Amino acid sequence: TKLNAKRMKRWDKTLKVSEEAKAKIEKLDKKVTWLVLTETWCGDAAHVLPVINKVAETSENISLGLVFRDENEALMNQFLTNGG
């Protein structure tokens with residue numbers, strides 16, 4: 001978890017959303033919510049969440065929410081692939 005926190009901070013400091021991506025995101029004309037099932041111990045999340053967050057920050061139409069999988073087993077179970 002500590003290593004993942006460092007990774008996320010590094011990505012947050014260095015990541016830049018391209019102008020091309022910003023232009024596409026600005027065309028979003030309705031409110032959306034991105035709900036991410038995650039956990040602090042997840043190595044994949046440490047690399048992906050900073051990207052998702054940076055993109056969400058570029059638009060007032062995107063609301064980002066995080067749900068911790070270990071605290072929401074019933075929700076997580078709805079999104080399993082082949083039992084995992």
# chains A, B, ... in the order shown; residues from 1 in each chain; ligands from 1
>>> residues_around(residues="Asp29 (chain A)", least_positions_apart="2", cutoff="10 Å", atoms="only C-alpha atoms", output="PyMOL selection string")
chain A and resi 25-27+31-32+59-61
>>> closest_residue(among="A:Leu37, A:Leu3, A:Ala23, A:Leu15", to="Val67 (chain A)", atoms="only C-alpha atoms")
A:Leu37
>>> residues_around(residues="Lys6 (chain A)", least_positions_apart="4", cutoff="12 Å", atoms="only C-alpha atoms", output="list in words")
Thr1, Lys2, Arg10, Trp11, Asp12, Lys13, Thr40, Gly43, Ala46, His47 and Pro50 of chain A
>>> select_by_dssp(residues="region 25-72 of chain A", states="helix (DSSP H, G or I)", output="number ranges by chain")
A: 25-26, 43-57, 69-71
>>> residues_around(residues="region 70-73 of chain A", least_positions_apart="6", cutoff="12 Å", atoms="only C-alpha atoms", output="PyMOL selection string")
chain A and resi 36-42+79-80
>>> decode(residues="region 27-43 of chain A", atoms="N, CA, C and O atoms", output="PDB file, in the first residue's frame")
ATOM      1  N   LYS A  27     -15.853  17.874 -25.530  1.00  0.00           N
ATOM      2  CA  LYS A  27     -17.064  17.657 -26.335  1.00  0.00           C
ATOM      3  C   LYS A  27     -18.143  16.897 -25.562  1.00  0.00           C
ATOM      4  O   LYS A  27     -19.276  16.810 -26.026  1.00  0.00           O
ATOM      5  N   LEU A  28     -17.793  16.377 -24.391  1.00  0.00           N
ATOM      6  CA  LEU A  28     -18.763  15.678 -23.565  1.00  0.00           C
ATOM      7  C   LEU A  28     -19.820  16.682 -23.121  1.00  0.00           C
ATOM      8  O   LEU A  28     -19.519  17.655 -22.437  1.00  0.00           O
ATOM      9  N   ASP A  29     -21.066  16.447 -23.541  1.00  0.00           N
ATOM     10  CA  ASP A  29     -22.116  17.439 -23.302  1.00  0.00           C
ATOM     11  C   ASP A  29     -23.164  17.000 -22.284  1.00  0.00           C
ATOM     12  O   ASP A  29     -24.244  17.570 -22.215  1.00  0.00           O
ATOM     13  N   LYS A  30     -22.841  15.987 -21.506  1.00  0.00           N
ATOM     14  CA  LYS A  30     -23.765  15.574 -20.446  1.00  0.00           C
ATOM     15  C   LYS A  30     -22.953  15.147 -19.227  1.00  0.00           C
ATOM     16  O   LYS A  30     -21.774  14.829 -19.317  1.00  0.00           O
ATOM     17  N   LYS A  31     -23.599  15.163 -18.090  1.00  0.00           N
ATOM     18  CA  LYS A  31     -22.961  14.758 -16.844  1.00  0.00           C
ATOM     19  C   LYS A  31     -22.844  13.236 -16.797  1.00  0.00           C
ATOM     20  O   LYS A  31     -23.808  12.534 -17.124  1.00  0.00           O
ATOM     21  N   VAL A  32     -21.673  12.755 -16.409  1.00  0.00           N
ATOM     22  CA  VAL A  32     -21.452  11.319 -16.240  1.00  0.00           C
ATOM     23  C   VAL A  32     -20.742  11.096 -14.908  1.00  0.00           C
ATOM     24  O   VAL A  32     -20.046  11.972 -14.398  1.00  0.00           O
ATOM     25  N   THR A  33     -20.931   9.916 -14.374  1.00  0.00           N
ATOM     26  CA  THR A  33     -20.225   9.513 -13.164  1.00  0.00           C
ATOM     27  C   THR A  33     -19.398   8.283 -13.490  1.00  0.00           C
ATOM     28  O   THR A  33     -19.911   7.319 -14.057  1.00  0.00           O
ATOM     29  N   TRP A  34     -18.132   8.358 -13.162  1.00  0.00           N
ATOM     30  CA  TRP A  34     -17.249   7.205 -13.293  1.00  0.00           C
ATOM     31  C   TRP A  34     -17.068   6.627 -11.902  1.00  0.00           C
ATOM     32  O   TRP A  34     -16.548   7.273 -11.006  1.00  0.00           O
ATOM     33  N   LEU A  35     -17.516   5.398 -11.725  1.00  0.00           N
ATOM     34  CA  LEU A  35     -17.401   4.715 -10.444  1.00  0.00           C
ATOM     35  C   LEU A  35     -16.342   3.632 -10.586  1.00  0.00           C
ATOM     36  O   LEU A  35     -16.478   2.734 -11.418  1.00  0.00           O
ATOM     37  N   VAL A  36     -15.295   3.722  -9.794  1.00  0.00           N
ATOM     38  CA  VAL A  36     -14.172   2.800  -9.900  1.00  0.00           C
ATOM     39  C   VAL A  36     -14.114   1.922  -8.655  1.00  0.00           C
ATOM     40  O   VAL A  36     -14.052   2.427  -7.536  1.00  0.00           O
ATOM     41  N   LEU A  37     -14.146   0.613  -8.877  1.00  0.00           N
ATOM     42  CA  LEU A  37     -13.938  -0.349  -7.798  1.00  0.00           C
ATOM     43  C   LEU A  37     -12.435  -0.518  -7.643  1.00  0.00           C
ATOM     44  O   LEU A  37     -11.743  -0.886  -8.592  1.00  0.00           O
ATOM     45  N   THR A  38     -11.920  -0.266  -6.462  1.00  0.00           N
ATOM     46  CA  THR A  38     -10.476  -0.254  -6.282  1.00  0.00           C
ATOM     47  C   THR A  38     -10.098  -0.681  -4.877  1.00  0.00           C
ATOM     48  O   THR A  38     -10.970  -0.926  -4.043  1.00  0.00           O
ATOM     49  N   GLU A  39      -8.810  -0.752  -4.633  1.00  0.00           N
ATOM     50  CA  GLU A  39      -8.280  -1.004  -3.293  1.00  0.00           C
ATOM     51  C   GLU A  39      -6.876  -0.433  -3.214  1.00  0.00           C
ATOM     52  O   GLU A  39      -6.178  -0.350  -4.220  1.00  0.00           O
ATOM     53  N   THR A  40      -6.490  -0.020  -2.037  1.00  0.00           N
ATOM     54  CA  THR A  40      -5.182   0.604  -1.863  1.00  0.00           C
ATOM     55  C   THR A  40      -4.036  -0.363  -2.127  1.00  0.00           C
ATOM     56  O   THR A  40      -2.952   0.059  -2.511  1.00  0.00           O
ATOM     57  N   TRP A  41      -4.261  -1.647  -1.955  1.00  0.00           N
ATOM     58  CA  TRP A  41      -3.210  -2.639  -2.162  1.00  0.00           C
ATOM     59  C   TRP A  41      -3.060  -3.048  -3.626  1.00  0.00           C
ATOM     60  O   TRP A  41      -2.142  -3.774  -3.987  1.00  0.00           O
ATOM     61  N   CYS A  42      -3.928  -2.585  -4.494  1.00  0.00           N
ATOM     62  CA  CYS A  42      -3.938  -3.022  -5.894  1.00  0.00           C
ATOM     63  C   CYS A  42      -2.875  -2.275  -6.714  1.00  0.00           C
ATOM     64  O   CYS A  42      -2.964  -1.060  -6.903  1.00  0.00           O
ATOM     65  N   GLY A  43      -1.887  -3.003  -7.192  1.00  0.00           N
ATOM     66  CA  GLY A  43      -0.829  -2.407  -7.996  1.00  0.00           C
ATOM     67  C   GLY A  43      -1.334  -1.799  -9.288  1.00  0.00           C
ATOM     68  O   GLY A  43      -0.851  -0.747  -9.721  1.00  0.00           O
TER      69      GLY A  43
END
